[in-house]
Structure formats: C-alpha cells, structure tokens
>>> print(open('model08.json').read())   # JSON, C-alpha atoms and all ligand atoms
[["chain", "number", "residue", "atom", "x", "y", "z"],
["A", 142, "MET", "CA", 110.28, -47.61, 27.42],
["A", 143, "GLU", "CA", 107.66, -47.52, 30.12],
["A", 144, "GLU", "CA", 109.71, -44.97, 32.04],
["A", 145, "ASN", "CA", 110.03, -42.81, 28.97],
["A", 146, "LYS", "CA", 106.30, -42.79, 28.47],
["A", 147, "ASN", "CA", 105.79, -41.86, 32.08],
["A", 148, "ASN", "CA", 108.28, -39.03, 31.75],
["A", 149, "GLU", "CA", 106.56, -37.75, 28.64],
["A", 150, "TYR", "CA", 103.22, -37.92, 30.34],
["A", 151, "ASN", "CA", 104.57, -36.10, 33.38],
["A", 152, "GLU", "CA", 106.14, -33.43, 31.18],
["A", 153, "TYR", "CA", 102.83, -33.05, 29.36],
["A", 154, "ARG", "CA", 100.98, -32.72, 32.64],
["A", 155, "ARG", "CA", 103.48, -30.19, 33.93],
["A", 156, "LYS", "CA", 103.06, -28.03, 30.84],
["A", 157, "ARG", "CA", 99.29, -28.28, 31.07],
["A", 158, "VAL", "CA", 99.30, -27.23, 34.71],
["A", 159, "LYS", "CA", 101.70, -24.40, 33.89],
["A", 160, "ARG", "CA", 99.49, -23.18, 31.05],
["A", 161, "PHE", "CA", 96.44, -23.49, 33.23],
["A", 162, "LYS", "CA", 98.15, -21.45, 35.94],
["A", 163, "ARG", "CA", 99.10, -18.78, 33.45],
["A", 164, "ILE", "CA", 95.54, -18.57, 32.19],
["A", 165, "ILE", "CA", 94.27, -18.19, 35.75],
["A", 166, "LEU", "CA", 96.87, -15.50, 36.51],
["A", 167, "VAL", "CA", 96.14, -13.54, 33.34],
["A", 168, "SER", "CA", 92.40, -13.74, 33.97],
["A", 169, "LEU", "CA", 92.88, -12.62, 37.57],
["A", 170, "ALA", "CA", 95.06, -9.70, 36.48],
["A", 171, "PHE", "CA", 92.50, -8.79, 33.86],
["A", 172, "PHE", "CA", 89.54, -8.89, 36.22],
["A", 173, "VAL", "CA", 91.41, -6.90, 38.86],
["A", 174, "ALA", "CA", 92.70, -4.30, 36.41],
["A", 175, "LEU", "CA", 89.49, -3.89, 34.43],
["A", 176, "PRO", "CA", 87.33, -2.44, 37.25],
["A", 177, "ASN", "CA", 90.14, -0.05, 38.15],
["A", 178, "VAL", "CA", 90.48, 1.21, 34.61],
["A", 179, "LEU", "CA", 86.70, 1.51, 34.39],
["A", 180, "CYS", "CA", 86.63, 3.45, 37.69],
["A", 181, "VAL", "CA", 89.18, 5.96, 36.45],
["A", 182, "PHE", "CA", 87.30, 6.33, 33.19],
["A", 183, "LEU", "CA", 83.96, 6.80, 34.97],
["A", 184, "PHE", "CA", 85.46, 9.28, 37.41],
["A", 185, "LEU", "CA", 86.82, 11.39, 34.57],
["A", 186, "SER", "CA", 83.58, 11.34, 32.64],
["A", 187, "ILE", "CA", 81.51, 12.15, 35.76],
["A", 188, "ASN", "CA", 83.76, 15.12, 36.42],
["A", 189, "LYS", "CA", 83.35, 16.33, 32.87],
["A", 190, "THR", "CA", 79.59, 15.86, 33.01],
["A", 191, "ASN", "CA", 79.39, 17.76, 36.31],
["A", 192, "THR", "CA", 81.22, 20.75, 34.87],
["A", 193, "TYR", "CA", 78.92, 20.64, 31.87],
["A", 194, "ILE", "CA", 75.79, 20.43, 34.05],
["A", 195, "GLN", "CA", 77.00, 23.40, 36.11],
["A", 196, "SER", "CA", 77.48, 25.53, 33.03],
["A", 197, "LEU", "CA", 74.10, 24.42, 31.62],
["A", 198, "ALA", "CA", 72.40, 25.18, 34.94],
["A", 199, "GLU", "CA", 73.91, 28.63, 34.92],
["A", 200, "GLU", "CA", 72.81, 29.27, 31.34],
["A", 201, "LEU", "CA", 69.35, 27.89, 32.06],
["A", 202, "ASN", "CA", 69.02, 30.26, 34.96],
["A", 203, "ILE", "CA", 69.90, 33.19, 32.74],
["A", 204, "LEU", "CA", 67.36, 32.04, 30.14],
["A", 205, "LYS", "CA", 64.74, 31.84, 32.86],
["A", 206, "ILE", "CA", 65.62, 35.40, 33.79],
["A", 207, "SER", "CA", 64.93, 36.62, 30.27],
["A", 208, "GLU", "CA", 61.65, 34.69, 30.16],
["A", 209, "VAL", "CA", 60.26, 36.16, 33.33],
["A", 210, "GLU", "CA", 61.88, 39.51, 32.72],
["A", 211, "LYS", "CA", 58.71, 41.28, 31.60],
["A", 212, "VAL", "CA", 56.52, 39.89, 34.37],
["A", 213, "VAL", "CA", 59.16, 40.59, 36.97],
["A", 214, "ALA", "CA", 59.77, 44.13, 35.79],
["A", 215, "SER", "CA", 56.12, 44.95, 36.35],
["A", 216, "GLU", "CA", 55.98, 43.02, 39.66],
["A", 217, "THR", "CA", 59.07, 44.58, 41.13],
["A", 218, "LYS", "CA", 58.23, 47.45, 43.40],
["A", 219, "SER", "CA", 61.01, 48.87, 45.43],
["A", 220, "THR", "CA", 60.70, 50.28, 48.89],
["A", 221, "TYR", "CA", 63.39, 52.65, 47.68],
["A", 222, "ASP", "CA", 62.48, 56.21, 47.03],
["A", 223, "ALA", "CA", 65.14, 58.31, 45.33],
["A", 224, "GLN", "CA", 63.73, 61.53, 46.76],
["A", 225, "SER", "CA", 63.86, 60.30, 50.34],
["A", 226, "LEU", "CA", 67.56, 59.49, 49.95],
["A", 227, "VAL", "CA", 68.22, 63.01, 48.79],
["A", 228, "GLU", "CA", 66.23, 64.37, 51.70],
["A", 229, "GLN", "CA", 68.21, 62.24, 54.13],
["A", 230, "ASP", "CA", 71.27, 63.92, 52.69],
["A", 231, "PHE", "CA", 73.11, 60.74, 51.81],
["A", 232, "VAL", "CA", 76.36, 61.37, 50.05],
["A", 233, "PHE", "CA", 77.30, 58.28, 48.10],
["A", 234, "LYS", "CA", 79.45, 59.61, 45.37],
["A", 235, "VAL", "CA", 82.80, 59.07, 47.09],
["A", 236, "LEU", "CA", 83.39, 55.34, 47.46],
["A", 237, "PRO", "CA", 84.97, 54.16, 50.69],
["A", 238, "ASP", "CA", 88.40, 52.82, 49.97],
["A", 239, "ALA", "CA", 90.82, 50.22, 51.25],
["A", 240, "GLU", "CA", 93.41, 52.92, 51.92],
["A", 241, "GLU", "CA", 91.21, 54.37, 54.62],
["A", 242, "TYR", "CA", 91.24, 51.11, 56.57],
["A", 243, "PRO", "CA", 94.82, 50.04, 57.25],
["A", 244, "GLY", "CA", 94.95, 46.98, 59.51],
["A", 245, "TYR", "CA", 91.32, 46.04, 58.81],
["A", 246, "GLN", "CA", 90.14, 42.78, 57.30],
["A", 247, "ARG", "CA", 88.59, 43.95, 54.05],
["A", 248, "ILE", "CA", 85.43, 42.15, 52.88],
["A", 249, "TYR", "CA", 84.30, 42.60, 49.28],
["A", 250, "LEU", "CA", 80.80, 41.24, 48.71],
["A", 251, "THR", "CA", 80.29, 40.64, 45.00],
["A", 252, "PHE", "CA", 77.02, 39.70, 43.30],
["A", 253, "ASP", "CA", 76.98, 38.15, 39.82],
["A", 254, "ASP", "CA", 74.22, 37.64, 37.24],
["A", 255, "GLY", "CA", 71.87, 40.51, 38.25],
["A", 256, "PRO", "CA", 69.77, 42.47, 38.05],
["A", 257, "SER", "CA", 67.00, 40.17, 39.18],
["A", 258, "ARG", "CA", 63.62, 40.34, 40.83],
["A", 259, "TYR", "CA", 65.53, 40.52, 44.15],
["A", 260, "THR", "CA", 67.98, 43.33, 43.36],
["A", 261, "ASN", "CA", 65.90, 45.96, 45.13],
["A", 262, "GLU", "CA", 65.53, 43.80, 48.22],
["A", 263, "LEU", "CA", 69.26, 43.10, 48.16],
["A", 264, "LEU", "CA", 70.01, 46.82, 47.90],
["A", 265, "ASP", "CA", 67.56, 47.52, 50.74],
["A", 266, "VAL", "CA", 69.50, 45.12, 52.99],
["A", 267, "LEU", "CA", 72.83, 46.75, 52.08],
["A", 268, "LEU", "CA", 71.31, 50.17, 52.69],
["A", 269, "LYS", "CA", 69.89, 49.10, 56.05],
["A", 270, "TYR", "CA", 73.36, 48.10, 57.29],
["A", 271, "ASN", "CA", 75.23, 50.79, 55.33],
["A", 272, "VAL", "CA", 77.32, 48.17, 53.56],
["A", 273, "LYS", "CA", 78.86, 48.81, 50.13],
["A", 274, "ALA", "CA", 79.29, 45.97, 47.66],
["A", 275, "THR", "CA", 80.04, 45.21, 44.02],
["A", 276, "PHE", "CA", 77.60, 44.02, 41.33],
["A", 277, "PHE", "CA", 78.78, 42.27, 38.17],
["A", 278, "VAL", "CA", 75.73, 42.63, 35.98],
["A", 279, "LEU", "CA", 74.24, 41.45, 32.70],
["A", 280, "ALA", "CA", 72.32, 43.55, 30.18],
["A", 281, "GLN", "CA", 68.67, 43.20, 31.12],
["A", 282, "ASP", "CA", 65.75, 45.33, 30.00],
["A", 283, "GLY", "CA", 63.30, 46.61, 32.57],
["A", 284, "TYR", "CA", 65.85, 47.23, 35.33],
["A", 285, "ASP", "CA", 66.96, 50.80, 34.73],
["A", 286, "ASP", "CA", 66.15, 51.78, 38.33],
["A", 287, "GLN", "CA", 68.22, 48.94, 39.74],
["A", 288, "TYR", "CA", 71.32, 49.80, 37.67],
["A", 289, "ASN", "CA", 71.09, 53.39, 38.81],
["A", 290, "ARG", "CA", 70.36, 52.50, 42.41],
["A", 291, "ILE", "CA", 73.54, 50.40, 42.51],
["A", 292, "ILE", "CA", 75.62, 53.39, 41.46],
["A", 293, "ASN", "CA", 73.75, 56.06, 43.40],
["A", 294, "GLU", "CA", 73.94, 54.12, 46.64],
["A", 295, "GLY", "CA", 77.72, 53.86, 46.50],
["A", 296, "HIS", "CA", 78.20, 50.34, 45.19],
["A", 297, "THR", "CA", 80.48, 49.43, 42.34],
["A", 298, "LEU", "CA", 78.81, 48.44, 39.09],
["A", 299, "GLY", "CA", 80.97, 46.03, 37.11],
["A", 300, "ILE", "CA", 80.08, 43.90, 34.12],
["A", 301, "HIS", "CA", 79.73, 40.13, 33.83],
["A", 302, "SER", "CA", 78.60, 39.64, 30.22],
["A", 303, "TYR", "CA", 75.82, 40.63, 27.88],
["A", 304, "LYS", "CA", 73.47, 37.67, 28.38],
["A", 305, "HIS", "CA", 75.72, 35.05, 29.99],
["A", 306, "VAL", "CA", 75.56, 32.80, 26.94],
["A", 307, "TYR", "CA", 78.84, 30.91, 26.86],
["A", 308, "SER", "CA", 78.51, 29.95, 23.20],
["A", 309, "ASP", "CA", 78.40, 33.66, 22.29],
["A", 310, "LEU", "CA", 80.93, 35.22, 24.61],
["A", 311, "TYR", "CA", 83.47, 32.39, 24.53],
["A", 312, "SER", "CA", 83.08, 31.51, 20.83],
["A", 313, "ASP", "CA", 86.32, 33.30, 19.88],
["A", 314, "LEU", "CA", 88.14, 36.59, 20.52],
["A", 315, "ASN", "CA", 85.73, 38.47, 18.30],
["A", 316, "GLY", "CA", 82.72, 37.05, 20.12],
["A", 317, "PHE", "CA", 84.27, 38.05, 23.45],
["A", 318, "GLU", "CA", 84.99, 41.60, 22.29],
["A", 319, "ASN", "CA", 81.44, 42.01, 20.97],
["A", 320, "ASP", "CA", 80.01, 40.71, 24.21],
["A", 321, "VAL", "CA", 82.07, 43.07, 26.39],
["A", 322, "ASN", "CA", 81.30, 46.04, 24.14],
["A", 323, "SER", "CA", 77.58, 45.30, 24.06],
["A", 324, "VAL", "CA", 77.19, 45.12, 27.81],
["A", 325, "SER", "CA", 79.46, 48.13, 28.39],
["A", 326, "ASP", "CA", 77.41, 50.19, 25.90],
["A", 327, "PHE", "CA", 74.19, 48.97, 27.49],
["A", 328, "ILE", "CA", 75.29, 50.08, 30.96],
["A", 329, "PHE", "CA", 76.57, 53.41, 29.62],
["A", 330, "GLU", "CA", 73.21, 54.02, 27.97],
["A", 331, "LYS", "CA", 71.29, 53.21, 31.17],
["A", 332, "THR", "CA", 73.54, 55.01, 33.68],
["A", 333, "GLY", "CA", 75.89, 57.35, 31.82],
["A", 334, "THR", "CA", 78.81, 55.49, 33.41],
["A", 335, "ARG", "CA", 81.36, 53.14, 31.84],
["A", 336, "PRO", "CA", 82.12, 50.16, 34.09],
["A", 337, "GLU", "CA", 85.79, 49.68, 35.04],
["A", 338, "PHE", "CA", 85.58, 46.18, 36.46],
["A", 339, "TYR", "CA", 84.82, 42.85, 34.87],
["A", 340, "ARG", "CA", 84.11, 39.34, 36.03],
["A", 341, "PHE", "CA", 84.47, 36.43, 33.63],
["A", 342, "PRO", "CA", 81.44, 34.12, 33.59],
["A", 343, "GLY", "CA", 82.85, 30.92, 35.03],
["A", 344, "GLY", "CA", 85.90, 32.87, 36.28],
["A", 345, "SER", "CA", 89.13, 33.64, 34.45],
["A", 346, "SER", "CA", 90.09, 29.99, 34.92],
["A", 347, "ASN", "CA", 87.07, 28.69, 32.99],
["A", 348, "THR", "CA", 87.81, 25.88, 30.56],
["A", 349, "ILE", "CA", 85.11, 26.89, 28.12],
["A", 350, "TYR", "CA", 87.16, 29.42, 26.17],
["A", 351, "LYS", "CA", 89.47, 27.42, 23.92],
["A", 352, "GLY", "CA", 91.55, 30.28, 22.51],
["A", 353, "ASP", "CA", 94.48, 32.17, 24.00],
["A", 354, "LYS", "CA", 93.24, 33.79, 27.22],
["A", 355, "ASN", "CA", 96.05, 36.36, 27.09],
["A", 356, "GLU", "CA", 94.18, 37.97, 24.21],
["A", 357, "LEU", "CA", 91.10, 38.35, 26.42],
["A", 358, "PHE", "CA", 93.18, 39.82, 29.26],
["A", 359, "ASP", "CA", 94.79, 42.25, 26.80],
["A", 360, "TYR", "CA", 91.44, 43.26, 25.41],
["A", 361, "LEU", "CA", 90.09, 44.03, 28.88],
["A", 362, "SER", "CA", 93.11, 46.08, 29.94],
["A", 363, "ASP", "CA", 93.14, 47.95, 26.62],
["A", 364, "ASN", "CA", 89.55, 48.90, 27.41],
["A", 365, "ASN", "CA", 90.27, 50.01, 30.98],
["A", 366, "LEU", "CA", 88.62, 47.00, 32.54],
["A", 367, "VAL", "CA", 90.20, 45.22, 35.50],
["A", 368, "TYR", "CA", 88.93, 41.69, 36.01],
["A", 369, "PHE", "CA", 88.23, 40.23, 39.43],
["A", 370, "ASP", "CA", 87.72, 36.61, 40.36],
["A", 371, "TRP", "CA", 87.07, 35.62, 43.98],
["A", 372, "ASN", "CA", 88.87, 33.91, 46.83],
["A", 373, "VAL", "CA", 85.79, 32.93, 48.84],
["A", 374, "ALA", "CA", 82.86, 31.02, 47.32],
["A", 375, "SER", "CA", 79.49, 31.20, 49.06],
["A", 376, "ASN", "CA", 78.33, 28.32, 46.83],
["A", 377, "ASP", "CA", 74.90, 29.95, 46.66],
["A", 378, "ALA", "CA", 74.69, 28.85, 43.01],
["A", 379, "THR", "CA", 75.06, 25.17, 43.89],
["A", 380, "PHE", "CA", 72.73, 23.09, 41.77],
["A", 381, "GLY", "CA", 69.57, 22.54, 43.81],
["A", 382, "GLY", "CA", 70.27, 25.50, 46.12],
["A", 383, "LEU", "CA", 71.65, 25.87, 49.64],
["A", 384, "GLY", "CA", 69.89, 27.19, 52.73],
["A", 385, "LYS", "CA", 70.79, 30.55, 54.26],
["A", 386, "SER", "CA", 72.80, 29.08, 57.16],
["A", 387, "GLN", "CA", 74.88, 26.93, 54.85],
["A", 388, "ILE", "CA", 75.65, 29.91, 52.59],
["A", 389, "ALA", "CA", 76.48, 32.13, 55.58],
["A", 390, "ASN", "CA", 78.73, 29.43, 57.06],
["A", 391, "ASN", "CA", 80.57, 29.01, 53.78],
["A", 392, "VAL", "CA", 81.31, 32.73, 53.74],
["A", 393, "LEU", "CA", 82.18, 33.12, 57.43],
["A", 394, "ASN", "CA", 84.52, 30.12, 57.30],
["A", 395, "GLY", "CA", 85.93, 31.07, 53.91],
["A", 396, "ILE", "CA", 87.09, 34.54, 54.96],
["A", 397, "LYS", "CA", 89.07, 33.26, 57.97],
["A", 398, "GLY", "CA", 92.71, 34.27, 57.76],
["A", 399, "LYS", "CA", 92.26, 36.43, 54.67],
["A", 400, "ASP", "CA", 93.17, 40.12, 54.88],
["A", 401, "GLU", "CA", 91.26, 40.69, 51.66],
["A", 402, "ALA", "CA", 88.24, 38.46, 50.98],
["A", 403, "VAL", "CA", 86.45, 38.75, 47.65],
["A", 404, "ILE", "CA", 83.24, 36.77, 48.08],
["A", 405, "LEU", "CA", 81.32, 35.28, 45.18],
["A", 406, "MET", "CA", 77.54, 35.50, 45.57],
["A", 407, "HIS", "CA", 74.64, 35.80, 43.14],
["A", 408, "ASP", "CA", 71.79, 38.18, 42.47],
["A", 409, "ALA", "CA", 69.41, 35.88, 40.65],
["A", 410, "ASN", "CA", 65.70, 35.18, 40.37],
["A", 411, "ASP", "CA", 65.93, 31.79, 42.07],
["A", 412, "LYS", "CA", 68.30, 32.78, 44.88],
["A", 413, "HIS", "CA", 66.40, 34.47, 47.67],
["A", 414, "SER", "CA", 68.38, 32.48, 50.23],
["A", 415, "THR", "CA", 71.42, 34.60, 49.29],
["A", 416, "ILE", "CA", 69.70, 37.70, 50.67],
["A", 417, "GLU", "CA", 68.70, 35.86, 53.85],
["A", 418, "ALA", "CA", 72.30, 34.68, 54.25],
["A", 419, "LEU", "CA", 73.54, 38.21, 53.59],
["A", 420, "GLU", "CA", 71.85, 39.54, 56.73],
["A", 421, "ILE", "CA", 73.46, 36.81, 58.85],
["A", 422, "ILE", "CA", 76.88, 37.54, 57.33],
["A", 423, "ILE", "CA", 76.64, 41.30, 57.79],
["A", 424, "GLN", "CA", 75.32, 41.10, 61.36],
["A", 425, "SER", "CA", 78.01, 38.63, 62.31],
["A", 426, "LEU", "CA", 80.89, 40.63, 60.82],
["A", 427, "GLN", "CA", 79.69, 44.05, 61.92],
["A", 428, "ALA", "CA", 79.81, 42.71, 65.47],
["A", 429, "GLU", "CA", 83.53, 42.20, 65.07],
["A", 430, "GLU", "CA", 86.21, 44.85, 65.30],
["A", 431, "ASN", "CA", 88.57, 45.70, 62.46],
["A", 432, "VAL", "CA", 86.39, 44.20, 59.74],
["A", 433, "VAL", "CA", 85.13, 46.47, 56.98],
["A", 434, "PHE", "CA", 82.90, 45.94, 53.96],
["A", 435, "LEU", "CA", 84.15, 47.75, 50.87],
["A", 436, "PRO", "CA", 83.15, 48.09, 47.24],
["A", 437, "ILE", "CA", 85.81, 47.19, 44.67],
["A", 438, "THR", "CA", 87.71, 50.30, 43.55],
["A", 439, "SER", "CA", 90.90, 50.99, 41.63],
["A", 440, "ASN", "CA", 92.74, 50.67, 44.95],
["A", 441, "THR", "CA", 91.54, 47.09, 45.50],
["A", 442, "GLU", "CA", 94.20, 44.45, 44.94],
["A", 443, "PRO", "CA", 92.76, 42.29, 42.11],
["A", 444, "VAL", "CA", 92.03, 38.65, 42.95],
["A", 445, "GLN", "CA", 92.65, 36.73, 39.74],
["A", 446, "HIS", "CA", 92.71, 32.97, 39.27],
["A", 447, "ILE", "CA", 94.74, 33.29, 36.09],
["A", 448, "LYS", "CA", 96.93, 36.22, 35.22],
["A", 449, "LYS", "CA", 98.34, 37.30, 31.89],
["A", 450, "LYS", "CA", 101.36, 35.24, 30.87],
["A", 451, "ASP", "CA", 104.23, 37.13, 29.28],
["A", 501, "ZN", "ZN", 77.57, 34.20, 36.23]]
>>> encode(input="model08.json", output="structure tokens", more="lines below")
Ligand SMILES: [Zn+2]
Amino acid sequence: MEENKNNEYNEYRRKRVKRFKRIILVSLAFFVALPNVLCVFLFLSINKTNTYIQSLAEELNILKISEVEKVVASETKSTYDAQSLVEQDFVFKVLPDAEEYPGYQRIYLTFDDGPSRYTNELLDVLLKYNVKATFFVLAQDGYDDQYNRIINEGHTLGIHSYKHVYSDLYSDLNGFENDVNSVSDFIFEKTGTRPEFYRFPGGSSNTIYKGDKNELFDYLSDNNLVYFDWNVASNDATFGGLGKSQIANNVLNGIKGKDEAVILMHDANDKHSTIEALEIIIQSLQAEENVVFLPITSNTEPVQHIKKKD
C-alpha cells in the first residue's frame, strides 16, 4: 500500500517535472524565435520605408525646383554667349560617335532632372574640357536657353518625364503616355527637335509602376524613343548629399573594367557638388589614354535594367 502511494507520488512528480520542462522549452523556443521573426519583419519594413523615402525625396526636390523656378530663371546668368561660339567657329552638329573610337573605353555622362540653376555652369565645365554628355530633362519653364545650349553644344537631349511626379506618370499606361507626350511636345516647342532617348524616373526596374512594363517599352519604341538606364551610379542624389570626392570616387571606381560606362548623375538645384565632382572625373580620365567621353547616340549600345519580355 505504502509502496503504491510512493509510486503514484513519484509518477506524479515525474509528470510535473516533464510538464515543467516542456513549458521551459516552449518558452525558450518562443523567446528565441520571436526576436528573429521581429528582426526579419523590421528589416523588410525598413527597406520598404527607405525606398519610399528615396522616391519622396526625389519628388520633393522636383517640387522645390518648380517653386524656385521663377527666382532662379531671373538669377541665372550664363557666361555663355551664343555669338562667341559662332565666332569661334565651333561645329557641334555632328555628334561624336562610338564607331569612331574602336578599342576605347567609352564614358557616357548622363544628367537627370534638369534643367536647374546649375545647368549653365555644368555646360560651361563640359565646354571647357570639350566633353559631350547626355541630359535627360524635365519640362521646366524659364530655361529655353539651357535646352538649346544642350543641343547646340553637341550634347544629347533626352527626356526624363514631364514633372517627375510618380503618381502622374506611373498611374497607368494612359498616364505614362500622356507624360511622355507632354514632355516631348514641350521640348519640340522649345528646340524644334524631338528627343530620341528616354530615361525612366527611378529606372526601368522601378517598382512604382504596377502595370505591365512591356506596354511602356512598346509605347516608347513605337514613338522612336530608346530608353537608357545606367551601369554606374555616382550616388550624387543620396539623401543628405555626398561631397565631391565621394561622388568622383564612386564614378572612377564604378567604371573600372567596363568598356561602356553609362554614369548616372543629376543636374539639380541642390546638387552643386556634382559639378565639382565632374571636374575631378574629367581631369582624371582625360589624363588616361584610350578613354573617351561620348554623348548617347543611335550607335550606343543601350544599357537597360529590364528589357521587353516576349
Ligand atoms: Zn529623376
């Protein structure tokens, strides 16, 4: 009898200890797993927020451009004088082309988001070093001279969007078509030239457009527009801004090993450091042999993050 009781008690104790152990194990597993799950969740949401902040920053910058547009237009005085260029007998109409430079490393400087208060200064630097580049512009009033300078000085004038407002241009296919048409018409009206090159705001790989991107690619090619992304980022649009040496280093390191380097830079009201970096980049590369700066032309191999899927 006594033994039986003891056995029962022992059995009871054993079960209790077992249950207790299980509770401890489950709690341990829970407290170990929970922070991990939370970390993954936080990481994902931080990433999403970052992308969102970047796109907001970009839009905010464009809005700032429109706000200061009028002031800037009256402030902006160029050192450029159309007549003096004619007198110096510059011939800019024939763009230098990749085909003329076999065996060279080909550098394509591209500037998005202009014109800005700095476009004239930027063009002055390019003129000083006789470097040709590509501008993917927006439709901005008060910059007629800058649009025409870009073309007349032998650069390529491509389009970027009407006002860089994602909610308009990436709303749907119709919104995209309207945006492209509006900026193309705007440029034609200002310069008498239809742009042939396009750069998607946020790149062709942007995740903002929710529809079928093939329709956008079709629309561009149906309208004789070739889109270009980039394979070197200067990161001059980094939130908070980078100094000239950092931007120049990003470019000089980024082009290493590339026969064709399409460099993303910006022509924007808050990015003077881009122009300072530009001088460092040009001086450094012009000191090297077999490196040439070229504007994008129909002979340039397109750099595209996403291509049309068949
Ligand atoms: Zn842009």
>>> residues_near_ligand(input="model08.json", ligand="ligand ZN 501 (chain A)", cutoff="8 Å", atoms="all atoms listed in the file", output="list of chain:residue names")
A:Glu199, A:Asp253, A:Asp254, A:His301, A:His305, A:Phe341, A:Pro342, A:Gly343, A:His407
>>> atom_distance(input="model08.json", atom1="CA of Gly398 (chain A)", atom2="CA of Thr348 (chain A)")
28.9 Å
>>> closest_residue(input="model08.json", among="A:Ile416, A:Ile328, A:Ile292, A:Leu361", to="Val266 (chain A)", atoms="all atoms listed in the file")
A:Ile416
>>> closest_residue(input="model08.json", among="A:Asn322, A:Ile422, A:Asp408, A:Leu169", to="Leu393 (chain A)", atoms="only C-alpha atoms")
A:Ile422
>>> closest_residue(input="model08.json", among="A:Lys162, A:Lys354, A:Lys449, A:Lys412", to="Thr260 (chain A)", atoms="only C-alpha atoms")
A:Lys412
>>> axis_aligned_box(input="model08.json", around="region 252-261 of chain A", padding_each_side="3 Å", output="AutoDock Vina command-line options")
--center_x 70.3 --center_y 41.8 --center_z 41.2 --size_x 19.4 --size_y 14.3 --size_z 13.9
>>> closest_residue(input="model08.json", among="A:Ala428, A:Tyr303, A:Leu419, A:Phe184", to="Ser375 (chain A)", atoms="all atoms listed in the file")
A:Leu419
>>> residues_around(input="model08.json", residues="Val403 (chain A)", least_positions_apart="4", cutoff="9 Å", atoms="all atoms listed in the file", output="PyMOL selection string")
chain A and resi 247-251+369-374+396+437+444
